[in-house]
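Student: This structure is in structure tokens; I'll ask about it shortly.
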Amino acid sequence: MSRPVPGRLRPPASLIRLPLSAAPWLAAGYLASYPLVGGALFAVSTAAVVSGVVLSQFTVTLPLIIGSVWVIRSCAQVERGRAVLVDQPIPYRYSEVTEAGLPAHLATRCTDPAFARDCAYLVLLFPPLLILDLFALIVWLVSLGCVTLPLWYWAVEVSGGPAGPDGALSWVHTLPGALALALVALVLLPFAARLLMAAARLHLTVAQAVLRPPRDPLAQAKGVLEGPGPFSTVPGGRHAGTSTEPTENGETHEPNTGRVS
């Protein structure tokens with residue numbers, strides 16, 4: 001079953017109107033902020049993980065290890081909140097500490113599956129997500145640059161290469177050539193916008209899959225047990241159905257069972 005498209009990344013019905021809608025620009029903002037924000041979170045999280053591994057060799061540094069865990073969790077919270085650029089903030093759930101003392105606190109924090117997923121997203125998934133975002137952004141920016149080329153083609157100075165004065169692409173530095181390239185880029189711009197939005201949705205899907213709490217496979221069964229009905233576990237819950245009128249000796253009988261109540 002496919003995930004629903006986030007409301008802010010929902011494309012308009014017409015492909016031609018796509019570059020003029022807000023969706024690709026929101027996607028561009030979401031992707032463009034990742035190299036800066038994600039890069040800073042990657043550096044901080046990597047330093048926290050390395051320092052936590054080193055400090056774990058010394059018992060007296062338990063408070064510092066807990067501080068490293070807190071830093072990683074804070075970085076993950078920043079990334080969850082960044083999703084608001086294109087969708088709702090990503091929910092989270094961490095294990096609660098039920099025992100007193102620093103060792104129990106550290107054991108609960110470090111063995112929490114949510115903490116492991118935070119580390120995986122912030123450290124391990126940063127390189128592939130960065131490549132994905134930069135590729136989509138470069139395609140989008142090059143398309144926009146070619147569309148606006150007639151406005152600034154005269155300011156481009158190239159001394160050599162294919163686009164130089166004697167190169168095969170020297171016609172780009174003329175007004176007719178700039179207009180022709182802009183027309184081609186204008187036709188391809190909606191497809192660049194679709195690529196940009198697809199990259200943003202993929203990035204968001206990965207972030208949601210890793211950073212949000214996993215779904216409880218028994219959630220539906222628990223809802224049935226907690227709700228009213230014959231299988232309800234709520235104290236004082238009554239069985240479905242109505243009893244018959246009391247008999248002469250004050251007893252009542254459940255319909256279709258004959259059970260005395």
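The chains in the structure tokens are called A, B, ... from first to last as shown; in each chain the residues are counted from 1, and the ligands are counted from 1 in the order shown.
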Write out as a PDB file with N, CA, C and O atoms, in the first residue's frame all residues of region 73-119 of chain A that backbone DSSP assigns to helix (DSSP H, G or I).
Tutor:
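The new file states_5.pdb reads:
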ATOM      1  N   ARG A  73      19.862  12.584  20.387  1.00  0.00           N
ATOM      2  CA  ARG A  73      18.407  12.689  20.383  1.00  0.00           C
ATOM      3  C   ARG A  73      17.964  14.100  20.006  1.00  0.00           C
ATOM      4  O   ARG A  73      16.957  14.279  19.299  1.00  0.00           O
ATOM      5  N   SER A  74      18.676  15.110  20.463  1.00  0.00           N
ATOM      6  CA  SER A  74      18.329  16.483  20.106  1.00  0.00           C
ATOM      7  C   SER A  74      18.511  16.724  18.610  1.00  0.00           C
ATOM      8  O   SER A  74      17.694  17.411  17.977  1.00  0.00           O
ATOM      9  N   CYS A  75      19.567  16.156  18.026  1.00  0.00           N
ATOM     10  CA  CYS A  75      19.773  16.296  16.588  1.00  0.00           C
ATOM     11  C   CYS A  75      18.640  15.629  15.811  1.00  0.00           C
ATOM     12  O   CYS A  75      18.165  16.162  14.794  1.00  0.00           O
ATOM     13  N   ALA A  76      18.206  14.461  16.280  1.00  0.00           N
ATOM     14  CA  ALA A  76      17.085  13.790  15.618  1.00  0.00           C
ATOM     15  C   ALA A  76      15.806  14.605  15.723  1.00  0.00           C
ATOM     16  O   ALA A  76      14.991  14.629  14.787  1.00  0.00           O
ATOM     17  N   GLN A  77      15.615  15.280  16.841  1.00  0.00           N
ATOM     18  CA  GLN A  77      14.431  16.120  16.996  1.00  0.00           C
ATOM     19  C   GLN A  77      14.442  17.289  16.007  1.00  0.00           C
ATOM     20  O   GLN A  77      13.392  17.690  15.492  1.00  0.00           O
ATOM     21  N   VAL A  78      15.614  17.833  15.736  1.00  0.00           N
ATOM     22  CA  VAL A  78      15.720  18.912  14.749  1.00  0.00           C
ATOM     23  C   VAL A  78      15.303  18.411  13.372  1.00  0.00           C
ATOM     24  O   VAL A  78      14.563  19.078  12.640  1.00  0.00           O
ATOM     25  N   GLU A  79      15.757  17.224  13.023  1.00  0.00           N
ATOM     26  CA  GLU A  79      15.393  16.663  11.708  1.00  0.00           C
ATOM     27  C   GLU A  79      13.916  16.321  11.646  1.00  0.00           C
ATOM     28  O   GLU A  79      13.278  16.488  10.592  1.00  0.00           O
ATOM     29  N   ARG A  80      13.341  15.864  12.746  1.00  0.00           N
ATOM     30  CA  ARG A  80      11.892  15.600  12.758  1.00  0.00           C
ATOM     31  C   ARG A  80      11.110  16.903  12.561  1.00  0.00           C
ATOM     32  O   ARG A  80      10.100  16.929  11.875  1.00  0.00           O
ATOM     33  N   GLY A  81      11.578  17.968  13.183  1.00  0.00           N
ATOM     34  CA  GLY A  81      10.899  19.244  13.033  1.00  0.00           C
ATOM     35  C   GLY A  81      11.083  19.854  11.660  1.00  0.00           C
ATOM     36  O   GLY A  81      10.213  20.605  11.189  1.00  0.00           O
ATOM     37  N   ARG A  82      12.183  19.552  10.965  1.00  0.00           N
ATOM     38  CA  ARG A  82      12.421  20.113   9.638  1.00  0.00           C
ATOM     39  C   ARG A  82      11.406  19.602   8.626  1.00  0.00           C
ATOM     40  O   ARG A  82      11.175  20.233   7.587  1.00  0.00           O
ATOM     41  N   ALA A  83      10.767  18.472   8.926  1.00  0.00           N
ATOM     42  CA  ALA A  83       9.761  17.926   8.011  1.00  0.00           C
ATOM     43  C   ALA A  83       8.553  18.838   7.873  1.00  0.00           C
ATOM     44  O   ALA A  83       7.750  18.668   6.953  1.00  0.00           O
ATOM     45  N   VAL A  84       8.400  19.814   8.779  1.00  0.00           N
ATOM     46  CA  VAL A  84       7.251  20.717   8.701  1.00  0.00           C
ATOM     47  C   VAL A  84       7.312  21.582   7.441  1.00  0.00           C
ATOM     48  O   VAL A  84       6.308  22.191   7.069  1.00  0.00           O
ATOM     49  N   LEU A  85       8.446  21.640   6.779  1.00  0.00           N
ATOM     50  CA  LEU A  85       8.548  22.415   5.535  1.00  0.00           C
ATOM     51  C   LEU A  85       7.660  21.839   4.438  1.00  0.00           C
ATOM     52  O   LEU A  85       7.193  22.580   3.563  1.00  0.00           O
ATOM     53  N   LEU A 102      22.299   5.991  37.474  1.00  0.00           N
ATOM     54  CA  LEU A 102      22.887   6.280  36.175  1.00  0.00           C
ATOM     55  C   LEU A 102      23.064   5.038  35.299  1.00  0.00           C
ATOM     56  O   LEU A 102      22.812   5.094  34.092  1.00  0.00           O
ATOM     57  N   PRO A 103      23.511   3.878  35.855  1.00  0.00           N
ATOM     58  CA  PRO A 103      23.651   2.694  34.985  1.00  0.00           C
ATOM     59  C   PRO A 103      22.337   2.287  34.328  1.00  0.00           C
ATOM     60  O   PRO A 103      22.303   1.965  33.134  1.00  0.00           O
ATOM     61  N   ALA A 104      21.243   2.291  35.090  1.00  0.00           N
ATOM     62  CA  ALA A 104      19.946   1.918  34.514  1.00  0.00           C
ATOM     63  C   ALA A 104      19.508   2.950  33.487  1.00  0.00           C
ATOM     64  O   ALA A 104      18.956   2.603  32.428  1.00  0.00           O
ATOM     65  N   HIS A 105      19.757   4.219  33.793  1.00  0.00           N
ATOM     66  CA  HIS A 105      19.407   5.280  32.848  1.00  0.00           C
ATOM     67  C   HIS A 105      20.179   5.108  31.542  1.00  0.00           C
ATOM     68  O   HIS A 105      19.602   5.211  30.443  1.00  0.00           O
ATOM     69  N   LEU A 106      21.478   4.832  31.640  1.00  0.00           N
ATOM     70  CA  LEU A 106      22.310   4.664  30.455  1.00  0.00           C
ATOM     71  C   LEU A 106      21.900   3.424  29.665  1.00  0.00           C
ATOM     72  O   LEU A 106      21.840   3.457  28.429  1.00  0.00           O
ATOM     73  N   ALA A 107      21.617   2.330  30.365  1.00  0.00           N
ATOM     74  CA  ALA A 107      21.227   1.098  29.672  1.00  0.00           C
ATOM     75  C   ALA A 107      19.927   1.281  28.903  1.00  0.00           C
ATOM     76  O   ALA A 107      19.783   0.815  27.770  1.00  0.00           O
ATOM     77  N   THR A 108      18.976   1.997  29.504  1.00  0.00           N
ATOM     78  CA  THR A 108      17.697   2.213  28.834  1.00  0.00           C
ATOM     79  C   THR A 108      17.867   3.091  27.609  1.00  0.00           C
ATOM     80  O   THR A 108      17.292   2.824  26.540  1.00  0.00           O
ATOM     81  N   ARG A 109      18.662   4.137  27.725  1.00  0.00           N
ATOM     82  CA  ARG A 109      18.845   5.056  26.611  1.00  0.00           C
ATOM     83  C   ARG A 109      19.605   4.415  25.457  1.00  0.00           C
ATOM     84  O   ARG A 109      19.251   4.597  24.288  1.00  0.00           O
ATOM     85  N   CYS A 110      20.659   3.668  25.766  1.00  0.00           N
ATOM     86  CA  CYS A 110      21.519   3.126  24.712  1.00  0.00           C
ATOM     87  C   CYS A 110      20.917   1.906  24.033  1.00  0.00           C
ATOM     88  O   CYS A 110      21.265   1.606  22.885  1.00  0.00           O
ATOM     89  N   PRO A 113      15.591   1.058  20.790  1.00  0.00           N
ATOM     90  CA  PRO A 113      15.632   0.970  19.320  1.00  0.00           C
ATOM     91  C   PRO A 113      15.490   2.332  18.639  1.00  0.00           C
ATOM     92  O   PRO A 113      16.050   2.541  17.561  1.00  0.00           O
ATOM     93  N   ALA A 114      14.751   3.252  19.253  1.00  0.00           N
ATOM     94  CA  ALA A 114      14.604   4.585  18.666  1.00  0.00           C
ATOM     95  C   ALA A 114      15.948   5.305  18.610  1.00  0.00           C
ATOM     96  O   ALA A 114      16.224   6.045  17.657  1.00  0.00           O
ATOM     97  N   PHE A 115      16.796   5.104  19.620  1.00  0.00           N
ATOM     98  CA  PHE A 115      18.120   5.731  19.621  1.00  0.00           C
ATOM     99  C   PHE A 115      18.991   5.160  18.506  1.00  0.00           C
ATOM    100  O   PHE A 115      19.721   5.899  17.834  1.00  0.00           O
ATOM    101  N   ALA A 116      18.907   3.847  18.281  1.00  0.00           N
ATOM    102  CA  ALA A 116      19.672   3.235  17.188  1.00  0.00           C
ATOM    103  C   ALA A 116      19.219   3.764  15.838  1.00  0.00           C
ATOM    104  O   ALA A 116      20.032   4.007  14.937  1.00  0.00           O
ATOM    105  N   ARG A 117      17.910   3.967  15.677  1.00  0.00           N
ATOM    106  CA  ARG A 117      17.409   4.519  14.413  1.00  0.00           C
ATOM    107  C   ARG A 117      17.857   5.964  14.229  1.00  0.00           C
ATOM    108  O   ARG A 117      18.121   6.405  13.106  1.00  0.00           O
ATOM    109  N   ASP A 118      17.926   6.731  15.329  1.00  0.00           N
ATOM    110  CA  ASP A 118      18.436   8.106  15.239  1.00  0.00           C
ATOM    111  C   ASP A 118      19.861   8.121  14.703  1.00  0.00           C
ATOM    112  O   ASP A 118      20.196   8.917  13.808  1.00  0.00           O
ATOM    113  N   CYS A 119      20.698   7.249  15.248  1.00  0.00           N
ATOM    114  CA  CYS A 119      22.096   7.183  14.803  1.00  0.00           C
ATOM    115  C   CYS A 119      22.186   6.760  13.343  1.00  0.00           C
ATOM    116  O   CYS A 119      22.998   7.299  12.578  1.00  0.00           O
TER     117      CYS A 119
END
Student: Would you kindly return, as a list in words, each protein, DNA or RNA residue with an atom no farther than 8 Å from any atom of region 23-39 of chain A, considering only C-alpha atoms and excluding same-chain residues fewer than 5 positions away?
Tutor: Arg8, Leu9, Arg10, Pro11, Leu18, Glu79, Arg82, Ala83, Leu85, Val86, Leu122, Phe126, Leu130, Asp133, Leu134, Leu137, Ala193, Arg194, Leu196, Met197 and Ala200 of chain A
Student: Suppose we keep C-alpha atoms; can you now write the selection as a PDB file, in the first residue's frame?
Tutor:
ATOM      1  CA  ARG A   8       2.208  20.470   0.515  1.00  0.00           C
ATOM      2  CA  LEU A   9       3.863  18.285  -2.133  1.00  0.00           C
ATOM      3  CA  ARG A  10       0.670  17.445  -3.968  1.00  0.00           C
ATOM      4  CA  PRO A  11       1.156  18.520  -7.607  1.00  0.00           C
ATOM      5  CA  LEU A  18       3.510  22.723 -11.886  1.00  0.00           C
ATOM      6  CA  GLU A  79      15.393  16.663  11.708  1.00  0.00           C
ATOM      7  CA  ARG A  82      12.421  20.113   9.638  1.00  0.00           C
ATOM      8  CA  ALA A  83       9.761  17.926   8.011  1.00  0.00           C
ATOM      9  CA  LEU A  85       8.548  22.415   5.535  1.00  0.00           C
ATOM     10  CA  VAL A  86       6.617  19.893   3.435  1.00  0.00           C
ATOM     11  CA  LEU A 122      21.905  11.034  11.219  1.00  0.00           C
ATOM     12  CA  PHE A 126      23.523  11.219   5.428  1.00  0.00           C
ATOM     13  CA  LEU A 130      22.878  14.255   0.429  1.00  0.00           C
ATOM     14  CA  ASP A 133      19.154  16.078  -2.698  1.00  0.00           C
ATOM     15  CA  LEU A 134      22.084  17.682  -4.517  1.00  0.00           C
ATOM     16  CA  LEU A 137      18.648  20.562  -6.809  1.00  0.00           C
ATOM     17  CA  ALA A 193       9.972  20.059 -11.032  1.00  0.00           C
ATOM     18  CA  ARG A 194       8.558  16.524 -10.942  1.00  0.00           C
ATOM     19  CA  LEU A 196      12.560  17.687  -7.526  1.00  0.00           C
ATOM     20  CA  MET A 197       9.286  16.752  -5.832  1.00  0.00           C
ATOM     21  CA  ALA A 200      11.683  15.440  -1.662  1.00  0.00           C
TER      22      ALA A 200
END
Student: Do a neighbour search on Leu125 (chain A) at 10 Å with only C-alpha atoms, toss out local chain neighbours closer than 3 positions, and write the hits as number ranges by chain.
Tutor: A: 42, 119-122, 128-130, 206-207, 210
Student: Output C-alpha atoms for every residue in that selection, as a PDB file, in the first residue's frame.
Tutor:
ATOM      1  CA  PHE A  42      25.940  14.769  10.828  1.00  0.00           C
ATOM      2  CA  CYS A 119      22.096   7.183  14.803  1.00  0.00           C
ATOM      3  CA  ALA A 120      21.390   5.332  11.555  1.00  0.00           C
ATOM      4  CA  TYR A 121      19.567   8.293  10.026  1.00  0.00           C
ATOM      5  CA  LEU A 122      21.905  11.034  11.219  1.00  0.00           C
ATOM      6  CA  PRO A 128      23.093   8.859   0.141  1.00  0.00           C
ATOM      7  CA  LEU A 129      20.441  11.415   1.088  1.00  0.00           C
ATOM      8  CA  LEU A 130      22.878  14.255   0.429  1.00  0.00           C
ATOM      9  CA  VAL A 206      13.000   7.664   4.458  1.00  0.00           C
ATOM     10  CA  ALA A 207      12.974  10.119   7.360  1.00  0.00           C
ATOM     11  CA  VAL A 210      13.437   5.631  10.285  1.00  0.00           C
TER      12      VAL A 210
END
Student: Tell me, in Å to one decimal, how far CA of Ala192 (chain A) is from CA of Leu132 (chain A).
Tutor: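 Value for the CA of Ala192 (chain A)-CA of Leu132 (chain A) distance: 13.8 Å.
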Student: Would you compute the distance between CA of Leu149 (chain A) and CA of Leu179 (chain A)? Give it in Å to one decimal.
Tutor: 7.5 Å
Student: I'd like the contact shell of Gly145 (chain A) - 9 Å cut-off, only C-alpha atoms, skipping same-chain residues fewer than 5 positions apart - returned as a list in words.
Tutor: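 Those residues are Trp140, Ala182 and Ala185 of chain A.
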Student: Go ahead and write the selection's residues with all heavy atoms as a PDB file, in the first residue's frame.
Tutor:
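Listing of out_26.pdb after writing:
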ATOM      1  N   TRP A 140      17.234  21.127 -11.046  1.00  0.00           N
ATOM      2  CA  TRP A 140      16.248  22.201 -10.937  1.00  0.00           C
ATOM      3  C   TRP A 140      16.884  23.572 -11.180  1.00  0.00           C
ATOM      4  O   TRP A 140      16.350  24.406 -11.928  1.00  0.00           O
ATOM      5  CB  TRP A 140      15.593  22.138  -9.563  1.00  0.00           C
ATOM      6  CG  TRP A 140      14.657  23.257  -9.237  1.00  0.00           C
ATOM      7  CD1 TRP A 140      14.836  24.233  -8.298  1.00  0.00           C
ATOM      8  CD2 TRP A 140      13.376  23.527  -9.837  1.00  0.00           C
ATOM      9  NE1 TRP A 140      13.760  25.078  -8.268  1.00  0.00           N
ATOM     10  CE2 TRP A 140      12.842  24.674  -9.205  1.00  0.00           C
ATOM     11  CE3 TRP A 140      12.629  22.921 -10.835  1.00  0.00           C
ATOM     12  CZ2 TRP A 140      11.614  25.216  -9.541  1.00  0.00           C
ATOM     13  CZ3 TRP A 140      11.405  23.470 -11.184  1.00  0.00           C
ATOM     14  CH2 TRP A 140      10.904  24.597 -10.531  1.00  0.00           C
ATOM     15  N   ALA A 182      16.546  28.744 -23.835  1.00  0.00           N
ATOM     16  CA  ALA A 182      15.523  29.032 -22.829  1.00  0.00           C
ATOM     17  C   ALA A 182      14.199  28.369 -23.179  1.00  0.00           C
ATOM     18  O   ALA A 182      13.476  27.890 -22.298  1.00  0.00           O
ATOM     19  CB  ALA A 182      15.337  30.545 -22.683  1.00  0.00           C
ATOM     20  N   ALA A 185      14.536  24.706 -22.319  1.00  0.00           N
ATOM     21  CA  ALA A 185      14.510  24.542 -20.869  1.00  0.00           C
ATOM     22  C   ALA A 185      13.118  24.773 -20.306  1.00  0.00           C
ATOM     23  O   ALA A 185      12.716  24.119 -19.331  1.00  0.00           O
ATOM     24  CB  ALA A 185      15.505  25.506 -20.224  1.00  0.00           C
TER      25      ALA A 185
END
Student: Nearest to Phe135 (chain A) among A:Val44, A:Leu195, A:Ser68, A:Val187, with distances taken over only C-alpha atoms: which residue is it?
Tutor: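 Using only C-alpha atoms, Phe135 (chain A) sits closest to A:Leu195.
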Student: Could you check which of A:Val142, A:Gly52, A:Ala40, A:Ala100 is closest to Val123 (chain A), using only C-alpha atoms?
Tutor: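 Looking at the shortest contact to Val123 (chain A), the residue is A:Ala40.
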